[in-house]
Amino acid sequence: MLAPGGRRYVLELDGKEHYSRDGKAAPDLYADMVREHRRIRLQGYEVYRFGGAESVDPQAAKLMLSGFFDQLLAP
């Protein structure tokens, strides 16, 4: 996402496939995820992650995202 002032953002919605395999924690998947996070940050992007559980209730997700974007894009 490109924002005013040249700010660059990556927004990620992480489900359990980002950190588990067959319902069990998978340290290699987590390591891949944080490695990619570092790579993106080094390219000048701010990374904001959201847990999949935050999006289960559509109304709660809408309120959370509205508040998040209000803060993120505040002057």
# chains A, B, ... in the order shown; residues from 1 in each chain; ligands from 1
>>> select_by_dssp(residues="chain A", states="strand (DSSP E)", output="PyMOL selection string")
chain A and resi 2-3+7-14+20-21+24-25+46-51
>>> residues_around(residues="segment 61-75 of chain A", least_positions_apart="3", cutoff="12 Å", atoms="only C-alpha atoms", output="ChimeraX atom specification")
/A:1-9,11,13,46-58
>>> write_last_selection(atoms="C-alpha atoms", output="PDB file, in the first residue's frame")
ATOM      1  CA  MET A   1       0.000   0.000   0.000  1.00  0.00           C
ATOM      2  CA  LEU A   2       1.358   3.411  -0.950  1.00  0.00           C
ATOM      3  CA  ALA A   3       0.262   6.284   1.275  1.00  0.00           C
ATOM      4  CA  PRO A   4       0.631  10.056   1.191  1.00  0.00           C
ATOM      5  CA  GLY A   5       4.113  11.318   1.878  1.00  0.00           C
ATOM      6  CA  GLY A   6       5.739   8.345   0.175  1.00  0.00           C
ATOM      7  CA  ARG A   7       4.987   5.996   3.043  1.00  0.00           C
ATOM      8  CA  ARG A   8       4.885   2.340   2.051  1.00  0.00           C
ATOM      9  CA  TYR A   9       3.032  -0.371   3.933  1.00  0.00           C
ATOM     10  CA  LEU A  11      -0.595  -5.447   5.498  1.00  0.00           C
ATOM     11  CA  LEU A  13      -3.560 -11.323   7.458  1.00  0.00           C
ATOM     12  CA  GLU A  46       6.382  -0.868   7.260  1.00  0.00           C
ATOM     13  CA  VAL A  47       4.758  -4.231   7.926  1.00  0.00           C
ATOM     14  CA  TYR A  48       1.555  -4.605   9.902  1.00  0.00           C
ATOM     15  CA  ARG A  49       0.302  -8.080  10.690  1.00  0.00           C
ATOM     16  CA  PHE A  50      -3.186  -9.109  11.658  1.00  0.00           C
ATOM     17  CA  GLY A  51      -4.137 -12.473  13.106  1.00  0.00           C
ATOM     18  CA  GLY A  52      -6.793 -14.427  11.262  1.00  0.00           C
ATOM     19  CA  ALA A  53      -8.835 -14.625  14.465  1.00  0.00           C
ATOM     20  CA  GLU A  54      -9.235 -10.835  14.278  1.00  0.00           C
ATOM     21  CA  SER A  55     -11.302 -11.213  11.111  1.00  0.00           C
ATOM     22  CA  VAL A  56     -13.737 -13.922  12.224  1.00  0.00           C
ATOM     23  CA  ASP A  57     -16.419 -11.485  13.389  1.00  0.00           C
ATOM     24  CA  PRO A  58     -17.061  -9.108  10.445  1.00  0.00           C
TER      25      PRO A  58
END
>>> residues_around(residues="Lys16 of chain A", least_positions_apart="4", cutoff="12 Å", atoms="only C-alpha atoms", output="number ranges by chain")
A: 20-26, 29-30, 33, 50-53
>>> write_last_selection(atoms="all heavy atoms", output="compact mmCIF listing (two decimals), in the first residue's frame")
# COMPACT_ATOMS: atom_id res chain seq x y z
N SER A 20 1.90 -23.06 11.51
CA SER A 20 1.65 -24.45 11.91
C SER A 20 1.47 -25.34 10.70
O SER A 20 1.18 -24.89 9.60
CB SER A 20 0.41 -24.54 12.81
OG SER A 20 -0.75 -24.22 12.06
N ARG A 21 1.69 -26.61 10.94
CA ARG A 21 1.50 -27.64 9.91
C ARG A 21 0.73 -28.77 10.57
O ARG A 21 1.14 -29.27 11.62
CB ARG A 21 2.87 -28.10 9.41
CG ARG A 21 2.82 -29.04 8.24
CD ARG A 21 4.21 -29.44 7.75
NE ARG A 21 4.92 -28.31 7.14
CZ ARG A 21 6.01 -27.73 7.66
NH1 ARG A 21 6.53 -28.15 8.78
NH2 ARG A 21 6.58 -26.72 7.04
N ASP A 22 -0.39 -29.15 9.98
CA ASP A 22 -1.23 -30.21 10.54
C ASP A 22 -1.61 -29.92 11.99
O ASP A 22 -1.65 -30.83 12.82
CB ASP A 22 -0.55 -31.57 10.43
CG ASP A 22 -0.28 -31.97 8.98
OD1 ASP A 22 -1.14 -31.67 8.12
OD2 ASP A 22 0.77 -32.56 8.71
N GLY A 23 -1.85 -28.63 12.30
CA GLY A 23 -2.29 -28.25 13.63
C GLY A 23 -1.19 -28.18 14.67
O GLY A 23 -1.47 -27.96 15.84
N LYS A 24 0.05 -28.38 14.27
CA LYS A 24 1.18 -28.32 15.21
C LYS A 24 2.11 -27.19 14.83
O LYS A 24 2.33 -26.91 13.64
CB LYS A 24 1.95 -29.64 15.20
CG LYS A 24 1.13 -30.82 15.68
CD LYS A 24 1.93 -32.09 15.67
CE LYS A 24 1.05 -33.25 16.12
NZ LYS A 24 1.76 -34.51 16.09
N ALA A 25 2.67 -26.54 15.85
CA ALA A 25 3.61 -25.45 15.60
C ALA A 25 4.72 -25.93 14.68
O ALA A 25 5.24 -27.04 14.83
CB ALA A 25 4.20 -24.96 16.92
N ALA A 26 5.06 -25.08 13.71
CA ALA A 26 6.12 -25.41 12.74
C ALA A 26 7.16 -24.29 12.75
O ALA A 26 6.99 -23.28 12.07
CB ALA A 26 5.53 -25.59 11.35
N LEU A 29 8.21 -22.80 9.40
CA LEU A 29 7.27 -21.87 8.77
C LEU A 29 7.34 -20.49 9.41
O LEU A 29 7.31 -19.47 8.72
CB LEU A 29 5.84 -22.40 8.85
CG LEU A 29 5.52 -23.63 8.02
CD1 LEU A 29 4.07 -24.05 8.24
CD2 LEU A 29 5.78 -23.38 6.55
N TYR A 30 7.44 -20.48 10.72
CA TYR A 30 7.57 -19.20 11.42
C TYR A 30 8.86 -18.50 11.00
O TYR A 30 8.86 -17.30 10.73
CB TYR A 30 7.53 -19.42 12.94
CG TYR A 30 7.62 -18.13 13.69
CD1 TYR A 30 6.51 -17.30 13.80
CD2 TYR A 30 8.82 -17.72 14.26
CE1 TYR A 30 6.59 -16.09 14.47
CE2 TYR A 30 8.91 -16.52 14.93
CZ TYR A 30 7.80 -15.71 15.04
OH TYR A 30 7.90 -14.51 15.70
N MET A 33 8.46 -16.89 7.71
CA MET A 33 7.62 -15.71 7.80
C MET A 33 8.41 -14.50 8.32
O MET A 33 8.34 -13.42 7.74
CB MET A 33 6.42 -15.98 8.71
CG MET A 33 5.47 -14.81 8.84
SD MET A 33 4.03 -15.17 9.89
CE MET A 33 4.80 -15.38 11.48
N PHE A 50 -1.92 -8.89 10.99
CA PHE A 50 -3.19 -9.11 11.66
C PHE A 50 -3.39 -10.61 11.77
O PHE A 50 -3.12 -11.35 10.82
CB PHE A 50 -4.35 -8.49 10.86
CG PHE A 50 -4.22 -7.00 10.70
CD1 PHE A 50 -3.50 -6.47 9.65
CD2 PHE A 50 -4.80 -6.15 11.62
CE1 PHE A 50 -3.37 -5.10 9.50
CE2 PHE A 50 -4.67 -4.78 11.48
CZ PHE A 50 -3.96 -4.25 10.42
N GLY A 51 -3.85 -11.06 12.92
CA GLY A 51 -4.14 -12.47 13.11
C GLY A 51 -5.47 -12.83 12.49
O GLY A 51 -6.43 -12.05 12.55
N GLY A 52 -5.55 -13.99 11.89
CA GLY A 52 -6.79 -14.43 11.26
C GLY A 52 -7.98 -14.38 12.21
O GLY A 52 -9.10 -14.08 11.79
N ALA A 53 -7.75 -14.64 13.48
CA ALA A 53 -8.83 -14.63 14.46
C ALA A 53 -9.46 -13.24 14.59
O ALA A 53 -10.62 -13.11 14.99
CB ALA A 53 -8.33 -15.10 15.82
>>> select_by_dssp(residues="chain A", states="helix (DSSP H, G or I)", output="ChimeraX atom specification")
/A:4-6,16-18,27-42,52-55,58-72
>>> atom_distance(atom1="atom CA of Ala60 of chain A", atom2="atom CA of Tyr19 of chain A")
23.7 Å
>>> decode(residues="segment 36-64 of chain A", atoms="N, CA, C and O atoms", output="mmCIF file, in the first residue's frame")
data_model
loop_
_atom_site.group_PDB
_atom_site.id
_atom_site.type_symbol
_atom_site.label_atom_id
_atom_site.label_comp_id
_atom_site.auth_asym_id
_atom_site.auth_seq_id
_atom_site.Cartn_x
_atom_site.Cartn_y
_atom_site.Cartn_z
ATOM 1 N N GLU A 36 10.945 -13.221 5.733
ATOM 2 C CA GLU A 36 10.286 -12.393 4.718
ATOM 3 C C GLU A 36 9.927 -11.022 5.284
ATOM 4 O O GLU A 36 10.074 -10.007 4.611
ATOM 5 N N HIS A 37 9.492 -10.992 6.515
ATOM 6 C CA HIS A 37 9.177 -9.732 7.193
ATOM 7 C C HIS A 37 10.410 -8.833 7.208
ATOM 8 O O HIS A 37 10.329 -7.644 6.865
ATOM 9 N N ARG A 38 11.559 -9.376 7.572
ATOM 10 C CA ARG A 38 12.802 -8.591 7.591
ATOM 11 C C ARG A 38 13.152 -8.086 6.199
ATOM 12 O O ARG A 38 13.544 -6.931 6.021
ATOM 13 N N ARG A 39 13.010 -8.953 5.195
ATOM 14 C CA ARG A 39 13.364 -8.572 3.822
ATOM 15 C C ARG A 39 12.509 -7.386 3.363
ATOM 16 O O ARG A 39 13.020 -6.415 2.796
ATOM 17 N N ILE A 40 11.222 -7.459 3.637
ATOM 18 C CA ILE A 40 10.322 -6.382 3.244
ATOM 19 C C ILE A 40 10.663 -5.093 3.979
ATOM 20 O O ILE A 40 10.667 -4.005 3.399
ATOM 21 N N ARG A 41 10.963 -5.193 5.260
ATOM 22 C CA ARG A 41 11.335 -4.008 6.049
ATOM 23 C C ARG A 41 12.600 -3.367 5.485
ATOM 24 O O ARG A 41 12.688 -2.143 5.410
ATOM 25 N N LEU A 42 13.558 -4.175 5.096
ATOM 26 C CA LEU A 42 14.801 -3.635 4.546
ATOM 27 C C LEU A 42 14.573 -2.921 3.213
ATOM 28 O O LEU A 42 15.396 -2.100 2.800
ATOM 29 N N GLN A 43 13.476 -3.216 2.541
ATOM 30 C CA GLN A 43 13.131 -2.534 1.293
ATOM 31 C C GLN A 43 12.371 -1.238 1.549
ATOM 32 O O GLN A 43 11.945 -0.576 0.615
ATOM 33 N N GLY A 44 12.189 -0.891 2.816
ATOM 34 C CA GLY A 44 11.575 0.384 3.153
ATOM 35 C C GLY A 44 10.087 0.362 3.437
ATOM 36 O O GLY A 44 9.450 1.406 3.527
ATOM 37 N N TYR A 45 9.520 -0.823 3.596
ATOM 38 C CA TYR A 45 8.097 -0.931 3.908
ATOM 39 C C TYR A 45 7.900 -1.119 5.404
ATOM 40 O O TYR A 45 8.702 -1.776 6.062
ATOM 41 N N GLU A 46 6.819 -0.549 5.910
ATOM 42 C CA GLU A 46 6.382 -0.868 7.260
ATOM 43 C C GLU A 46 5.428 -2.050 7.127
ATOM 44 O O GLU A 46 4.586 -2.067 6.239
ATOM 45 N N VAL A 47 5.577 -3.023 8.002
ATOM 46 C CA VAL A 47 4.758 -4.231 7.926
ATOM 47 C C VAL A 47 3.827 -4.274 9.134
ATOM 48 O O VAL A 47 4.270 -4.134 10.270
ATOM 49 N N TYR A 48 2.556 -4.464 8.851
ATOM 50 C CA TYR A 48 1.555 -4.605 9.902
ATOM 51 C C TYR A 48 0.862 -5.946 9.703
ATOM 52 O O TYR A 48 0.353 -6.242 8.636
ATOM 53 N N ARG A 49 0.873 -6.736 10.754
ATOM 54 C CA ARG A 49 0.302 -8.080 10.690
ATOM 55 C C ARG A 49 -0.984 -8.122 11.506
ATOM 56 O O ARG A 49 -1.092 -7.524 12.559
ATOM 57 N N PHE A 50 -1.920 -8.889 10.986
ATOM 58 C CA PHE A 50 -3.186 -9.109 11.658
ATOM 59 C C PHE A 50 -3.390 -10.610 11.767
ATOM 60 O O PHE A 50 -3.118 -11.348 10.820
ATOM 61 N N GLY A 51 -3.849 -11.057 12.921
ATOM 62 C CA GLY A 51 -4.137 -12.473 13.106
ATOM 63 C C GLY A 51 -5.474 -12.829 12.491
ATOM 64 O O GLY A 51 -6.429 -12.046 12.551
ATOM 65 N N GLY A 52 -5.553 -13.986 11.886
ATOM 66 C CA GLY A 52 -6.793 -14.427 11.262
ATOM 67 C C GLY A 52 -7.979 -14.378 12.206
ATOM 68 O O GLY A 52 -9.099 -14.077 11.786
ATOM 69 N N ALA A 53 -7.750 -14.639 13.482
ATOM 70 C CA ALA A 53 -8.835 -14.625 14.465
ATOM 71 C C ALA A 53 -9.461 -13.238 14.588
ATOM 72 O O ALA A 53 -10.618 -13.109 14.986
ATOM 73 N N GLU A 54 -8.712 -12.197 14.211
ATOM 74 C CA GLU A 54 -9.235 -10.835 14.278
ATOM 75 C C GLU A 54 -10.297 -10.573 13.207
ATOM 76 O O GLU A 54 -10.996 -9.573 13.274
ATOM 77 N N SER A 55 -10.380 -11.446 12.218
ATOM 78 C CA SER A 55 -11.302 -11.213 11.111
ATOM 79 C C SER A 55 -12.515 -12.146 11.133
ATOM 80 O O SER A 55 -13.334 -12.104 10.220
ATOM 81 N N VAL A 56 -12.635 -12.953 12.167
ATOM 82 C CA VAL A 56 -13.737 -13.922 12.224
ATOM 83 C C VAL A 56 -15.091 -13.226 12.346
ATOM 84 O O VAL A 56 -16.032 -13.575 11.646
ATOM 85 N N ASP A 57 -15.176 -12.248 13.200
ATOM 86 C CA ASP A 57 -16.419 -11.485 13.389
ATOM 87 C C ASP A 57 -16.355 -10.253 12.477
ATOM 88 O O ASP A 57 -15.573 -9.337 12.730
ATOM 89 N N PRO A 58 -17.152 -10.214 11.411
ATOM 90 C CA PRO A 58 -17.061 -9.108 10.445
ATOM 91 C C PRO A 58 -17.254 -7.721 11.060
ATOM 92 O O PRO A 58 -16.551 -6.789 10.693
ATOM 93 N N GLN A 59 -18.178 -7.591 11.997
ATOM 94 C CA GLN A 59 -18.406 -6.276 12.609
ATOM 95 C C GLN A 59 -17.213 -5.847 13.456
ATOM 96 O O GLN A 59 -16.789 -4.695 13.404
ATOM 97 N N ALA A 60 -16.676 -6.770 14.245
ATOM 98 C CA ALA A 60 -15.509 -6.452 15.068
ATOM 99 C C ALA A 60 -14.304 -6.139 14.183
ATOM 100 O O ALA A 60 -13.524 -5.223 14.472
ATOM 101 N N ALA A 61 -14.150 -6.882 13.095
ATOM 102 C CA ALA A 61 -13.038 -6.637 12.169
ATOM 103 C C ALA A 61 -13.160 -5.261 11.533
ATOM 104 O O ALA A 61 -12.174 -4.534 11.400
ATOM 105 N N LYS A 62 -14.375 -4.899 11.155
ATOM 106 C CA LYS A 62 -14.596 -3.588 10.548
ATOM 107 C C LYS A 62 -14.218 -2.468 11.517
ATOM 108 O O LYS A 62 -13.545 -1.507 11.138
ATOM 109 N N LEU A 63 -14.623 -2.591 12.769
ATOM 110 C CA LEU A 63 -14.282 -1.585 13.782
ATOM 111 C C LEU A 63 -12.775 -1.526 14.014
ATOM 112 O O LEU A 63 -12.193 -0.449 14.101
ATOM 113 N N MET A 64 -12.156 -2.694 14.127
ATOM 114 C CA MET A 64 -10.714 -2.744 14.365
ATOM 115 C C MET A 64 -9.963 -2.104 13.211
ATOM 116 O O MET A 64 -9.067 -1.279 13.399
#
